[in-house]
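Structure data (TSV, C-alpha atoms) from protein-v9.tsv:
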chain	number	residue	atom	x	y	z
A	1	MET	CA	-35.51	24.74	-50.53
A	2	LYS	CA	-33.94	21.27	-50.33
A	3	LYS	CA	-30.64	22.81	-49.21
A	4	ILE	CA	-32.35	24.61	-46.37
A	5	SER	CA	-34.31	21.54	-45.23
A	6	LYS	CA	-31.21	19.33	-45.24
A	7	LEU	CA	-29.27	21.93	-43.30
A	8	PHE	CA	-32.18	22.22	-40.88
A	9	ALA	CA	-32.14	18.41	-40.46
A	10	PHE	CA	-28.45	18.56	-39.67
A	11	LEU	CA	-29.01	21.27	-37.06
A	12	ILE	CA	-31.77	19.20	-35.45
A	13	CYS	CA	-29.46	16.17	-35.28
A	14	LEU	CA	-26.69	18.28	-33.79
A	15	SER	CA	-29.13	19.78	-31.30
A	16	ALA	CA	-30.40	16.31	-30.43
A	17	SER	CA	-26.87	15.06	-29.80
A	18	CYS	CA	-26.26	17.99	-27.45
A	19	GLY	CA	-29.59	17.33	-25.74
A	20	VAL	CA	-28.79	13.66	-25.24
A	21	PHE	CA	-25.54	14.59	-23.61
A	22	ALA	CA	-27.12	17.28	-21.43
A	23	ALA	CA	-29.90	14.95	-20.28
A	24	GLN	CA	-27.44	12.52	-18.77
A	25	SER	CA	-26.47	12.91	-15.17
A	26	PHE	CA	-22.95	13.86	-14.18
A	27	SER	CA	-22.33	10.43	-12.65
A	28	GLU	CA	-23.27	8.69	-15.90
A	29	VAL	CA	-20.87	10.88	-17.80
A	30	LYS	CA	-18.18	10.35	-15.20
A	31	ASN	CA	-18.62	6.57	-15.38
A	32	GLY	CA	-18.53	6.59	-19.16
A	33	SER	CA	-21.91	4.88	-19.58
A	34	VAL	CA	-23.15	7.71	-21.75
A	35	SER	CA	-20.42	7.43	-24.36
A	36	GLU	CA	-22.32	5.03	-26.67
A	37	THR	CA	-25.40	7.26	-26.74
A	38	VAL	CA	-23.40	10.39	-27.40
A	39	ALA	CA	-21.28	8.60	-30.02
A	40	ALA	CA	-24.42	7.41	-31.83
A	41	ALA	CA	-25.94	10.91	-31.78
A	42	LEU	CA	-22.72	12.52	-33.03
A	43	SER	CA	-22.42	9.86	-35.73
A	44	ALA	CA	-25.96	10.69	-36.89
A	45	ALA	CA	-25.12	14.40	-36.92
A	46	LYS	CA	-21.97	13.78	-38.95
A	47	ALA	CA	-23.87	11.61	-41.45
A	48	SER	CA	-26.43	14.37	-41.80
A	49	ALA	CA	-23.67	16.92	-42.46
A	50	ALA	CA	-22.23	14.71	-45.17
A	51	SER	CA	-25.60	14.67	-46.89
A	52	VAL	CA	-25.88	18.46	-47.15
A	53	PRO	CA	-26.06	18.95	-50.91
A	54	SER	CA	-23.17	20.44	-52.77
A	55	SER	CA	-25.24	21.06	-55.89
A	56	GLN	CA	-24.34	24.72	-55.89
A	57	TYR	CA	-20.78	23.58	-56.58
A	58	THR	CA	-21.60	20.81	-59.02
A	59	VAL	CA	-19.70	21.09	-62.25
A	60	SER	CA	-21.36	20.63	-65.61
A	61	SER	CA	-19.04	17.80	-66.58
A	62	SER	CA	-17.65	14.71	-64.98
A	63	LEU	CA	-14.08	16.02	-65.10
A	64	ILE	CA	-13.86	16.82	-61.39
A	65	LYS	CA	-14.70	14.07	-58.91
A	66	ASP	CA	-16.07	14.69	-55.40
A	67	ILE	CA	-14.09	12.68	-52.85
A	68	THR	CA	-13.93	12.39	-49.05
A	69	ASP	CA	-11.39	11.16	-46.52
A	70	ALA	CA	-12.50	7.60	-47.30
A	71	ASP	CA	-11.51	8.01	-50.98
A	72	PHE	CA	-8.35	10.05	-50.53
A	73	ASN	CA	-5.77	7.23	-50.46
A	74	LYS	CA	-7.24	5.51	-53.52
A	75	GLU	CA	-7.95	8.62	-55.57
A	76	VAL	CA	-4.89	10.72	-54.69
A	77	LEU	CA	-2.09	9.00	-52.78
A	78	ASN	CA	-2.14	5.73	-54.74
A	79	TYR	CA	-2.64	7.42	-58.10
A	80	LYS	CA	0.32	7.21	-60.47
A	81	GLY	CA	0.39	10.63	-62.03
A	82	VAL	CA	-0.68	14.20	-61.33
A	83	VAL	CA	-3.72	15.04	-59.20
A	84	LEU	CA	-5.15	18.49	-58.51
A	85	VAL	CA	-7.13	18.55	-55.23
A	86	ASP	CA	-9.50	21.46	-54.69
A	87	PHE	CA	-10.41	21.94	-51.01
A	88	TRP	CA	-13.58	24.00	-50.75
A	89	GLN	CA	-16.25	25.14	-48.33
A	90	ILE	CA	-20.02	25.53	-48.59
A	91	GLY	CA	-21.04	29.17	-48.93
A	92	CYS	CA	-17.64	30.23	-50.24
A	93	ASN	CA	-18.01	32.38	-53.38
A	94	PRO	CA	-14.29	32.26	-54.21
A	95	CYS	CA	-14.63	28.44	-54.07
A	96	LYS	CA	-17.34	28.56	-56.75
A	97	ASN	CA	-15.13	30.78	-58.90
A	98	MET	CA	-12.14	28.49	-58.42
A	99	LEU	CA	-14.20	25.46	-59.36
A	100	ALA	CA	-15.30	27.11	-62.60
A	101	LEU	CA	-11.67	27.95	-63.37
A	102	ILE	CA	-10.53	24.39	-62.57
A	103	GLU	CA	-13.27	22.94	-64.77
A	104	LYS	CA	-12.00	25.08	-67.65
A	105	VAL	CA	-8.45	23.84	-67.10
A	106	ALA	CA	-9.62	20.24	-66.64
A	107	LYS	CA	-11.07	20.21	-70.16
A	108	ASP	CA	-7.60	20.87	-71.57
A	109	TYR	CA	-5.88	18.29	-69.34
A	110	LYS	CA	-8.43	15.48	-69.69
A	111	GLY	CA	-6.62	12.15	-69.55
A	112	LYS	CA	-3.38	13.77	-68.38
A	113	VAL	CA	-4.32	15.00	-64.89
A	114	LYS	CA	-6.87	13.80	-62.35
A	115	PHE	CA	-9.05	16.54	-60.84
A	116	VAL	CA	-10.81	16.04	-57.49
A	117	LYS	CA	-12.53	18.27	-54.95
A	118	MET	CA	-12.91	17.80	-51.20
A	119	ARG	CA	-15.50	19.63	-49.11
A	120	GLU	CA	-13.88	20.85	-45.89
A	121	ASP	CA	-16.65	19.79	-43.50
A	122	VAL	CA	-16.49	16.12	-44.53
A	123	SER	CA	-12.74	15.86	-45.12
A	124	GLN	CA	-11.31	16.88	-41.76
A	125	GLU	CA	-8.87	13.95	-41.49
A	126	THR	CA	-7.17	14.87	-44.77
A	127	ILE	CA	-7.24	18.58	-43.94
A	128	ASP	CA	-5.56	17.89	-40.60
A	129	ARG	CA	-3.00	15.50	-42.11
A	130	TYR	CA	-1.88	18.03	-44.73
A	131	GLU	CA	-2.35	21.11	-42.52
A	132	ILE	CA	-4.69	22.75	-45.01
A	133	PRO	CA	-5.37	26.30	-43.79
A	134	SER	CA	-8.93	27.41	-43.17
A	135	SER	CA	-8.85	29.95	-45.99
A	136	TYR	CA	-10.66	28.44	-48.95
A	137	PRO	CA	-10.33	27.62	-51.72
A	138	PHE	CA	-7.04	25.83	-51.33
A	139	VAL	CA	-5.64	23.80	-54.22
A	140	VAL	CA	-2.93	21.18	-53.73
A	141	PHE	CA	-0.95	19.51	-56.51
A	142	PHE	CA	0.13	15.89	-56.01
A	143	LYS	CA	2.38	13.76	-58.19
A	144	ASN	CA	2.63	10.04	-57.52
A	145	GLY	CA	1.13	10.57	-54.06
A	146	LYS	CA	3.44	13.38	-52.98
A	147	VAL	CA	2.60	17.06	-52.47
A	148	GLU	CA	4.27	19.18	-55.14
A	149	GLY	CA	2.75	22.60	-54.48
A	150	HIS	CA	-0.37	24.57	-53.67
A	151	ILE	CA	-2.41	27.68	-54.46
A	152	ARG	CA	-4.29	29.56	-51.74
A	153	ASP	CA	-7.41	31.69	-52.25
A	154	PHE	CA	-8.73	32.72	-55.66
A	155	LYS	CA	-7.85	35.28	-58.28
A	156	PRO	CA	-8.88	35.06	-61.93
A	157	SER	CA	-5.20	35.28	-62.86
A	158	TYR	CA	-4.58	31.93	-61.11
A	159	GLU	CA	-5.58	30.07	-64.27
A	160	SER	CA	-2.10	30.58	-65.69
A	161	ASN	CA	-0.56	29.56	-62.33
A	162	ILE	CA	-2.55	26.33	-62.35
A	163	ARG	CA	-1.68	25.59	-65.96
A	164	ASN	CA	2.01	26.28	-65.35
A	165	ALA	CA	2.05	24.08	-62.24
A	166	LEU	CA	0.34	21.21	-64.07
A	167	GLN	CA	2.61	21.54	-67.08
A	168	SER	CA	5.72	21.42	-64.89
A	169	LEU	CA	4.47	18.21	-63.22
A	170	LEU	CA	3.71	16.32	-66.43
Whole structure given in structure tokens:
Amino acid sequence: MKKISKLFAFLICLSASCGVFAAQSFSEVKNGSVSETVAAALSAAKASAASVPSSQYTVSSSLIKDITDADFNKEVLNYKGVVLVDFWQIGCNPCKNMLALIEKVAKDYKGKVKFVKMREDVSQETIDRYEIPSSYPFVVFFKNGKVEGHIRDFKPSYESNIRNALQSLL
């Protein structure tokens, strides 16, 4: 129920931001005086989207860290070593399956590889920068801040692909 109410709150914020914009006259828009109001409404809508719970994708251990664009440089690019980044999307069943597979692998690579996940709707800057396709899940392997490979979509057989990729990067 909480998931639905938070999503509903987001939709209300988004609707409100559209309403604020629509309520302004054309001359106000043309003169740019509406930009602060619209920016504030859009900012509120974005904050609401970021708060939509990802509990359905929460792992049972602390081996995989949730990060956003704000954390990406620190957690991935500046990290000395191997990082697996799982890009995922709310409502994506293959994403849930991939996360379970990654958690299994993470247990065996604890202390050797950093595992992070990034939700697509709150990580657009990183997704754009690395041209991550819109088919999720999408896993990217980094070593010392550089992209070393990726895996697109999900198949149960990908566990061996992930393990082989990690092993080759260590």
Find the residues of region 69-101 of chain A that sit at most 9 Å from region 137-152 of chain A; for each, write down the nearest two atoms and how far apart they are in Å, to one decimal. Count only C-alpha atoms. Sort by chain, then by number going up, and give it as a tab-separated table.
residue	atom	partner	partner_atom	distance
A:Asn73	CA	A:Gly145	CA	8.5
A:Val76	CA	A:Gly145	CA	6.1
A:Leu77	CA	A:Gly145	CA	3.8
A:Asn78	CA	A:Gly145	CA	5.9
A:Tyr79	CA	A:Asn144	CA	5.9
A:Lys80	CA	A:Asn144	CA	4.7
A:Gly81	CA	A:Asn144	CA	5.1
A:Val82	CA	A:Lys143	CA	4.4
A:Val83	CA	A:Phe142	CA	5.1
A:Leu84	CA	A:Phe141	CA	4.8
A:Val85	CA	A:Val140	CA	5.2
A:Asp86	CA	A:Val139	CA	4.5
A:Phe87	CA	A:Phe138	CA	5.2
A:Trp88	CA	A:Pro137	CA	5.0
A:Gln89	CA	A:Pro137	CA	7.3
A:Cys92	CA	A:Pro137	CA	7.9
A:Pro94	CA	A:Pro137	CA	6.6
A:Cys95	CA	A:Pro137	CA	5.0
A:Lys96	CA	A:Pro137	CA	8.7
A:Met98	CA	A:Pro137	CA	7.0
A:Leu99	CA	A:Pro137	CA	8.8
Quiz item: Suppose you want the space between CA of Glu125 (chain A) and CA of Asp69 (chain A); what is it in Å?
Solution: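 CA of Asp69 (chain A) lies 6.3 Å from CA of Glu125 (chain A).
Distance annotation: of A:Val105, A:Val122, A:Val116, A:Ile127, the residue with the minimal separation from Tyr158 (chain A) is A:Val105; atom set is all atoms listed in the file.
In this model, the gap between CA of Phe72 (chain A) and CA of Ser157 (chain A) comes to 28.3 Å.
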List the spatial neighbours of Gln124 (chain A) as a PDB file with C-alpha atoms, in the coordinates of the input - criterion: any atom at most 12 Å away, all atoms listed in the file, same-chain residues fewer than 5 positions off excluded.
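Contents of part39.pdb, as written:
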ATOM      1  CA  LYS A  46     -21.970  13.780 -38.950  1.00  0.00           C
ATOM      2  CA  ALA A  50     -22.230  14.710 -45.170  1.00  0.00           C
ATOM      3  CA  THR A  68     -13.930  12.390 -49.050  1.00  0.00           C
ATOM      4  CA  ASP A  69     -11.390  11.160 -46.520  1.00  0.00           C
ATOM      5  CA  ALA A  70     -12.500   7.600 -47.300  1.00  0.00           C
ATOM      6  CA  PHE A  72      -8.350  10.050 -50.530  1.00  0.00           C
ATOM      7  CA  PHE A  87     -10.410  21.940 -51.010  1.00  0.00           C
ATOM      8  CA  TRP A  88     -13.580  24.000 -50.750  1.00  0.00           C
ATOM      9  CA  GLN A  89     -16.250  25.140 -48.330  1.00  0.00           C
ATOM     10  CA  MET A 118     -12.910  17.800 -51.200  1.00  0.00           C
ATOM     11  CA  ARG A 119     -15.500  19.630 -49.110  1.00  0.00           C
ATOM     12  CA  ARG A 129      -3.000  15.500 -42.110  1.00  0.00           C
ATOM     13  CA  TYR A 130      -1.880  18.030 -44.730  1.00  0.00           C
ATOM     14  CA  GLU A 131      -2.350  21.110 -42.520  1.00  0.00           C
ATOM     15  CA  ILE A 132      -4.690  22.750 -45.010  1.00  0.00           C
ATOM     16  CA  PRO A 133      -5.370  26.300 -43.790  1.00  0.00           C
ATOM     17  CA  SER A 134      -8.930  27.410 -43.170  1.00  0.00           C
TER      18      SER A 134
END
Quiz prompt | Interatomic distance (Å, one decimal) between CA of Ile67 (chain A) and CA of Asp121 (chain A) | solution =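 Computing it gives 12.0 Å between the two atoms.
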Practice problem: Tell me which of A:Thr126, A:Ala106, A:Lys117, A:Gly111 sits closest to Glu159 (chain A), counting all atoms listed in the file. | Solution: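 When distances to Glu159 (chain A) are compared using all atoms listed in the file, the smallest one comes from A:Ala106.
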